[in-house]
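Step one of this worksheet: look at the structure below.
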2 protein chains.
Amino acid sequence: MTTIPMTDRTTLRDALFRPRRIALIGASADARKNTGRAQRYLRKHGFTGKIFPVNPNREEIDGERCYADLDLVPGPIEHAYVLLGTRLVEQAVEKCAERNVPVVTILADGFADAGREGRALQERIVDKARAAGLRIVGPNSMGGIDLHARCALCVNAALDAETLIAGGLSLISHSGSVVGTLLSRGNARGIGFAKMMGTGNEADLAIGEIGEMLVDDPETRAILLFLETIRDHRDIARMARRAYQAGKPVIAYKLGRSEAGSELATSHTGAIAGSDKSVDAFFRANGIVRVDTLESLFEAPTLLIGKRPAKTRRKAASVMTTTGGGGAMVVDRLGMLGVDVVAPTEEAVERLKESNVNISPGRLTDLTLAGTRKELVEATLGELLASDHSDAVVAVIGSSAQFKPHLAVEGILGPAQSKAGGKPLAVFLVPQADQSLKVLAEAGIAGFRTPESCADCVNAALEWRAPGDAEVNPTGDIAAARQAILGAGTPIMDERAARRVFAVLGIPGPAEAVINDLDGLSDLPSDLRYPLAAKILSPHIEHKMEAGGVVLGIADEAALGDACRRITETAHAREPDAELRGILVQEMERGLAEVIVGYRLDAQVGPIVLLGVGGTLAEIYRDGAVRTAPVTLDEAHEMIEEVKGLAPIRGYRSIPSGDLEALARTIAAFSDLARLDPIEVIEAEVNPLIVKGKGEGAVAVDGLMVCDLNQPPGGA
Amino acid sequence: MTTIPMTDRTTLRDALFRPRRIALIGASADARKNTGRAQRYLRKHGFTGKIFPVNPNREEIDGERCYADLDLVPGPIEHAYVLLGTRLVEQAVEKCAERNVPVVTILADGFADAGREGRALQERIVDKARAAGLRIVGPNSMGGIDLHARCALCVNAALDAETLIAGGLSLISHSGSVVGTLLSRGNARGIGFAKMMGTGNEADLAIGEIGEMLVDDPETRAILLFLETIRDHRDIARMARRAYQAGKPVIAYKLGRSEAGSELATSHTGAIAGSDKSVDAFFRANGIVRVDTLESLFEAPTLLIGKRPAKTRRKAASVMTTTGGGGAMVVDRLGMLGVDVVAPTEEAVERLKESNVNISPGRLTDLTLAGTRKELVEATLGELLASDHSDAVVAVIGSSAQFKPHLAVEGILGPAQSKAGGKPLAVFLVPQADQSLKVLAEAGIAGFRTPESCADCVNAALEWRAPGDAEVNPTGDIAAARQAILGAGTPIMDERAARRVFAVLGIPGPAEAVINDLDGLSDLPSDLRYPLAAKILSPHIEHKMEAGGVVLGIADEAALGDACRRITETAHAREPDAELRGILVQEMERGLAEVIVGYRLDAQVGPIVLLGVGGTLAEIYRDGAVRTAPVTLDEAHEMIEEVKGLAPIRGYRSIPSGDLEALARTIAAFSDLARLDPIEVIEAEVNPLIVKGKGEGAVAVDGLMVCDLNQPPGGA
């Protein structure tokens, strides 16, 4: 009983995707059952290695000798697929550990997806596996497929297909059934896959780590993710950045865009949901392209392979069409997604005219006047692909695509190949045109069968960004901020302690002082100018305003005395147990806008920074911008652009603009809260931050912060 | 040369869609040309009537005798298709008029779609046709197809298909190429059409009138519209209402959802664009179902045929699935569209348990635990379709749909048929499953190949409403309003005249008086209470505030004198030519919210009424509700619900609610401006309307109105 050495990622990848010696624990002879499929599919699709079915009730299954127990299997086992019911899994994993099986896939559900008890069982199994150096896929995994190695170690019924197309796309999916979905839909379009894996509950091996194996896989040209949640954001980020460097686009379809979907994903996989805006921010920060429609997952890759994100910030596309109606559908859809469809340059139009190609003027480069001919399509696409006035090109081909591919579709091939490496080129075929779609797929050109997925992918390509620069320097003094937090000595800080941290990060507060007893009123610093605000200082009163702990616009010392008395009395009456640390007295600040800057640990993607506008309406409209923290000043400016309710201070009509530089600095400084390792900030907020006029700065007039002081260094 | 009598709509429909004697004017013998296709396609698809090609250069085309001139064609001609170039069309139509051809289709473009000159030519042709009693399709029309009559009088290349499936769907499309698109895509799915028509520029016959022919067509079960614009809203409204009565759903896909798309549709067809929100309102008011994705056009009909809109206002659907991932995709998408996916009732779950069907708890009725079996699908769907806790049911079928339709897909057929007439049932097949989609299509069940179009159609079905009651009584005194407008005697009314009209419609204004000279200040009515507002009264000063013509919060008589002097001086200085009609003095009104109620003549759909919130943020967020006017009180309440920024006065947190009844009455009264025929109101607005607390009313403190007094009665 020798051991397969798991010395490196490649060896693990081979054991995972293309093992040569496979044990099927709990294999069934009933081909209709899930448990009977694995063996059948392996052989059906040309697996030439050893299969060891394990089942005490059978002598053989489908001509392979069957073993009563894993112990009896001769020689090393590279990968075991446990097909047993939930309650039998733990013991099977133990046996695999004894036999030094390096990778075990578990089919059964009923673990973390099924409540507390299942979660405990899952954790126990993982602990045992870790102790034995054994890696686990699942539980709740339908398995994986390596199409080049002809290893279909998977129970998805899509493998009933007679043939499978091997290609360059690899998929990792939380849902096993989606593996079959994309395989069958891709294959019907002539689009082939390299490796596919259903990860299920991800008790051990998860998206990020498996993805890294694909980054290094020579047969994988693009990595597709079907995500129900995000469990391993650090690994996924690292994987995506390496994939970007390797020129392999990572394309994600993620559930949880709606509240119901998010709730469902949570209950379905036992994961914790965060906000979908955070997920968008996470993808963008790490160079991951997010698509919105299912088939975009296999339609988008050819649009992106060999390309880089546009360096411009605009979202501008050129659209050429041989049919007015079809072209208009794509333009309309692109417009809904915020993509600007731009007319070709005058020079391009002139050059085309010289080659006898007359196109109609306007956004849509309409060839219907010129008629559908190969040379026209070639000339026009050549111009649009060469020009730098747009960052993507769409070709819409009408009825000729169905029966006369030589007219227009073939005119695409030349320009697409000669301009390879330049802008993404998307081709939408308006009629049913299966053959033309296959021609495009074979030529490595992105073909689309609906205007919706075409526009979705073009928009996704234009939203694509290079991974953000994680190594940028902090804005504020990180060491001093750590010190200030440790100095406060409590995980839940009061307003003043929180703002002291913000201050060392570079976020100023108003002039202020603390009154500890009413007799001390005359000791207030003489440069503190009325009107003043007075607020109760206590880490235990979260909603100071509601608790009667705030008085604003205090005009003079008499009024201040009244205010302090009222605040103290109310606090004693309403919150008798709260520790009171005096009354904070601040100069009233005025500005052009009140904004909210927040920091959270998102359940899926980790530290994020948020920007929003104060007031009821902004809350109702759910207006705000989110990024993973830390952010650069550039990213902070992007966030300011994104918040619609900040239009007034960005220079709206005759309204004076605010100090956007100061606001951006504040956001970037706030995002430095992500750098305080080993201290972990759980939540922090400035509400409101008063943004003043240009050059006049921004002031945090309130603040809160909650930390985890006991975080181990570099913790998960 | 006898004439075909156009005595009724049926005769016209036959001449349009299934003529027996067709002239092809400008027919070409070159099969590659558009002009060579009509004849070829007619014969290819089994046309058995007479074809008369007209072309002076040929003796015969494809075995049919060719005529040098229309005059030489023997006997009556039921339909002429003019295939000539733009400049030859006018003469050809004249010839058709001479020959009493009842219907002429024109292929050429270059008319209203190509600027002023083309528009003039188009109008001349229509005038000549009208004078001769001849009806025109196009220009810019690819023709039409009657699939049951085997009459493919159309040049779209989709007709190169060997066979066409006749069915119950009829399509009218502004775009001819979309006719081919839907024909080819529908046929590939086993979905057949009855009649199809590309209307192009709609110089004469347009969507509404052709649609009415389809309402009466026994072979048409649903009417599909592909719209680039709306040119004949009155006809379309009448058609849609008749179709609703006849139980034929009208389903529309309309371009112009984005600004770019709207601009394109405008330039492409020479139409005028209006707001897309108005289009939504128009569809809803007339019982038209709007879909958002292209294939929804032929996927939605089976969802709706034989059904009626739900009577509830909720959007609630039940979703059953045999695959977690696939089900979650649909639930997520439905959630994005605002559809609430609801769990089955406890009773249903219990009954299923008694039949040994164990479903997982929660929104998604997940059968994966129970396994995919026909009886389970039948039992579960039966329960979901019978229950009244949701208004639509979605069945999501996983991998079995591809190779094992007997497992799940066949389980759908029974419940779908036994519950026909009840809720809409949508079936999304997750894998590539062409055969199962055809099985569903043949059984008259709505099958979907993407989660996106499935959710789109289910949402559209739940948004479907019975046509609004156009005959509801007006809220205000229509005759008095007409009188007030005629009394004002000017198309552009000043604030006071406008509010006088609003007042007789039932919209109160503040207590007010007019000061004509400064000496008359003490003559102000004694019950006018300070603080007051003073505003310049002139029909020529549109933006009073900007022109220095408004002073608010006037505390006493001295201040009022100052204010009036300042207003008058400023007005004389800034607008020396404006006619001044004194100064309007009003009591200041205070309330809980300032809203805007507007009335417009929309370029596409006619009179609309709008509701919005005052202030910059509401403008930035483009928050508002639109309906076609007039509206009922119920519809006005729906509008109030729709405006997010009105959340505060609908009862948000601890904020007191506003007088929503008074606001609804105001909206309904304002919408009565659509009933003043022969006077046409072009634009009117109350900005702001002050909404007070519950039971305290709403007051229009400003107003404007522009009318067309010379409108002919019942004019277009």
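Ligands are numbered from 1 in the order shown, residues from 1 within each chain, and chains are lettered A, B, ... in the order they appear in the structure tokens.
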
Identify, with DSSP run on backbone atoms, the residues in region 278-324 of chain A assigned to alpha helix (DSSP H), and express the list as an MDAnalysis selection string. chainID A and resid 278:285 296:299 301:304 324

Within 8 Å of Gly582 (chain A), counting only C-alpha atoms, which residues qualify if same-chain residues fewer than 3 places away don't, as a PyMOL selection string? chain A and resi 514-517+536-538

Store the residues picked out above, limited to N, CA and C atoms, as a PDB file, in the first residue's frame.
```pdb
ATOM      1  N   VAL A 514     -14.299  67.872  26.652  1.00  0.00           N
ATOM      2  CA  VAL A 514     -15.201  67.025  27.422  1.00  0.00           C
ATOM      3  C   VAL A 514     -15.511  67.707  28.751  1.00  0.00           C
ATOM      4  N   ILE A 515     -16.776  67.734  29.093  1.00  0.00           N
ATOM      5  CA  ILE A 515     -17.205  68.285  30.384  1.00  0.00           C
ATOM      6  C   ILE A 515     -17.498  67.119  31.312  1.00  0.00           C
ATOM      7  N   ASN A 516     -16.823  67.084  32.440  1.00  0.00           N
ATOM      8  CA  ASN A 516     -17.043  65.965  33.343  1.00  0.00           C
ATOM      9  C   ASN A 516     -17.996  66.306  34.480  1.00  0.00           C
ATOM     10  N   ASP A 517     -18.047  67.584  34.850  1.00  0.00           N
ATOM     11  CA  ASP A 517     -19.128  67.984  35.743  1.00  0.00           C
ATOM     12  C   ASP A 517     -19.552  69.402  35.417  1.00  0.00           C
ATOM     13  N   ILE A 536     -23.843  63.169  24.863  1.00  0.00           N
ATOM     14  CA  ILE A 536     -23.475  62.266  25.941  1.00  0.00           C
ATOM     15  C   ILE A 536     -22.332  61.361  25.444  1.00  0.00           C
ATOM     16  N   LEU A 537     -21.392  61.086  26.323  1.00  0.00           N
ATOM     17  CA  LEU A 537     -20.246  60.263  25.947  1.00  0.00           C
ATOM     18  C   LEU A 537     -20.365  58.937  26.699  1.00  0.00           C
ATOM     19  N   SER A 538     -20.682  57.887  25.955  1.00  0.00           N
ATOM     20  CA  SER A 538     -20.823  56.573  26.589  1.00  0.00           C
ATOM     21  C   SER A 538     -20.688  55.497  25.531  1.00  0.00           C
TER      22      SER A 538
END
```

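Distances from A:Ala157, A:Ile136, A:Ala120, A:Leu646 to Ala80 (chain A) were compared using only C-alpha atoms, and the smallest one belongs to A:Ile136.
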
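Listed by chain and then by rising number, the residues of region 225-388 of chain B that DSSP assigns to strand (DSSP E or B) from the backbone are Leu225, Phe226, Leu227, Val250, Ile251, Ala252, Tyr253, Lys254, Ile288, Val289, Arg290, Ala316, Ala317, Ser318, Val319, Met320, Thr321, Asp340, Val341, Leu364, Thr365 and Asp366 of chain B.
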
Pull C-alpha atoms from the residues just selected and write them as a PDB file, in the first residue's frame.
```
ATOM      1  CA  LEU B 225     -45.821  43.146 -31.298  1.00  0.00           C
ATOM      2  CA  PHE B 226     -42.218  44.120 -32.019  1.00  0.00           C
ATOM      3  CA  LEU B 227     -42.264  47.897 -31.720  1.00  0.00           C
ATOM      4  CA  VAL B 250     -51.230  40.979 -26.703  1.00  0.00           C
ATOM      5  CA  ILE B 251     -47.502  40.754 -25.944  1.00  0.00           C
ATOM      6  CA  ALA B 252     -45.085  43.549 -26.819  1.00  0.00           C
ATOM      7  CA  TYR B 253     -41.308  43.902 -27.028  1.00  0.00           C
ATOM      8  CA  LYS B 254     -40.505  47.565 -27.500  1.00  0.00           C
ATOM      9  CA  ILE B 288     -50.800  44.680 -23.077  1.00  0.00           C
ATOM     10  CA  VAL B 289     -48.065  42.477 -21.603  1.00  0.00           C
ATOM     11  CA  ARG B 290     -44.577  43.872 -22.061  1.00  0.00           C
ATOM     12  CA  ALA B 316     -46.222  36.038  -5.923  1.00  0.00           C
ATOM     13  CA  ALA B 317     -44.951  32.891  -7.617  1.00  0.00           C
ATOM     14  CA  SER B 318     -44.360  29.305  -6.502  1.00  0.00           C
ATOM     15  CA  VAL B 319     -41.202  27.635  -7.759  1.00  0.00           C
ATOM     16  CA  MET B 320     -40.698  23.860  -7.847  1.00  0.00           C
ATOM     17  CA  THR B 321     -37.342  22.416  -8.851  1.00  0.00           C
ATOM     18  CA  ASP B 340     -41.927  37.302  -4.406  1.00  0.00           C
ATOM     19  CA  VAL B 341     -41.250  33.567  -4.450  1.00  0.00           C
ATOM     20  CA  LEU B 364     -38.061  26.931  -3.214  1.00  0.00           C
ATOM     21  CA  THR B 365     -40.009  23.689  -3.421  1.00  0.00           C
ATOM     22  CA  ASP B 366     -36.976  21.482  -3.901  1.00  0.00           C
TER      23      ASP B 366
END
```

Need the shell around Lys374 (chain B): protein/DNA/RNA residues with any atom at most 7 Å away, counting only C-alpha atoms. Skip same-chain ones fewer than 3 positions apart. Format as a compact mmCIF listing (two decimals) with C-alpha atoms, in the first residue's frame?
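Once everything was written out, this is result-v7.txt:
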```txt
# COMPACT_ATOMS: atom_id res chain seq x y z
CA VAL B 377 -43.62 16.16 -10.09
CA GLU B 378 -47.28 15.52 -10.82
CA HIS B 406 -40.15 10.53 -18.80
CA LEU B 407 -38.81 11.33 -15.31
CA ALA B 408 -39.83 14.94 -14.82
CA GLU B 410 -43.73 14.22 -18.63
CA GLY B 411 -44.89 14.75 -15.08
```

Using only C-alpha atoms, find each residue in chain A having at least one atom no more than 6 Å away from chain B; report its shortest atom-to-atom pair and that distance in Å (one decimal), rows by chain then rising number, as a tab-separated table.
```
residue	atom	partner	partner_atom	distance
A:Ala157	CA	B:Ser399	CA	5.6
A:Ser175	CA	B:Gly325	CA	5.4
A:Thr181	CA	B:Pro431	CA	4.3
A:Ser184	CA	B:Gln432	CA	5.4
A:Arg185	CA	B:Gln432	CA	4.9
A:Ser258	CA	B:Met336	CA	5.0
A:Ala260	CA	B:Gly335	CA	5.8
A:Gly261	CA	B:Asp332	CA	4.0
A:Gly325	CA	B:Ser175	CA	5.3
A:Val331	CA	B:Gly261	CA	5.8
A:Asp332	CA	B:Gly261	CA	4.0
A:Gly335	CA	B:Ser258	CA	5.0
A:Met336	CA	B:Ser258	CA	5.0
A:Ser399	CA	B:Ala157	CA	5.6
A:Pro431	CA	B:Thr181	CA	4.3
A:Gln432	CA	B:Arg185	CA	4.9
```

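For the atom pair formed by CA of Arg675 (chain A) and CA of Arg242 (chain A), the distance is 22.1 Å, given to one decimal.
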
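The gap separating CA of Ile596 (chain A) from CA of Pro678 (chain A) is 26.2 Å, in Å to one decimal.
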
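Residues in contact with region 282-285 of chain A at 8 Å, where only C-alpha atoms are counted and same-chain residues fewer than 5 positions away are skipped, are listed as Arg290, Trp464, Arg465, Ala466, Pro467, Gly468, Val605, Arg627 and Thr628 of chain A.
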
Dump of C-alpha atoms for the selected residues, as a PDB file, in the first residue's frame:
```
ATOM      1  CA  ARG A 290     -18.987  39.227 -13.538  1.00  0.00           C
ATOM      2  CA  TRP A 464     -13.364  44.622 -16.538  1.00  0.00           C
ATOM      3  CA  ARG A 465     -10.453  46.198 -14.676  1.00  0.00           C
ATOM      4  CA  ALA A 466      -6.936  45.079 -13.969  1.00  0.00           C
ATOM      5  CA  PRO A 467      -6.673  43.917 -10.338  1.00  0.00           C
ATOM      6  CA  GLY A 468      -6.284  46.882  -7.997  1.00  0.00           C
ATOM      7  CA  VAL A 605     -15.642  39.321   0.934  1.00  0.00           C
ATOM      8  CA  ARG A 627     -15.230  48.858  -2.390  1.00  0.00           C
ATOM      9  CA  THR A 628     -13.113  46.224  -0.747  1.00  0.00           C
TER      10      THR A 628
END
```

Determine, counting only C-alpha atoms, which protein, DNA and RNA residues have an atom within 10 Å of an atom of region 519-527 of chain A; residues of the same chain fewer than 4 positions away are not included. Present the result as a list in words. Ala511, Glu512, Ala513, Val514, Ile515, Glu557, Ala558, Leu560, Gly561, Cys564, Val585 and Glu587 of chain A

Region 301-307 of chain B environment, 10 Å, only C-alpha atoms, sequence neighbours closer than 6 positions dropped, as a ChimeraX atom specification: /B:168-169,191,221-224,247-251,289,392,420-427,440-441,443-447,457-458,460-461,464
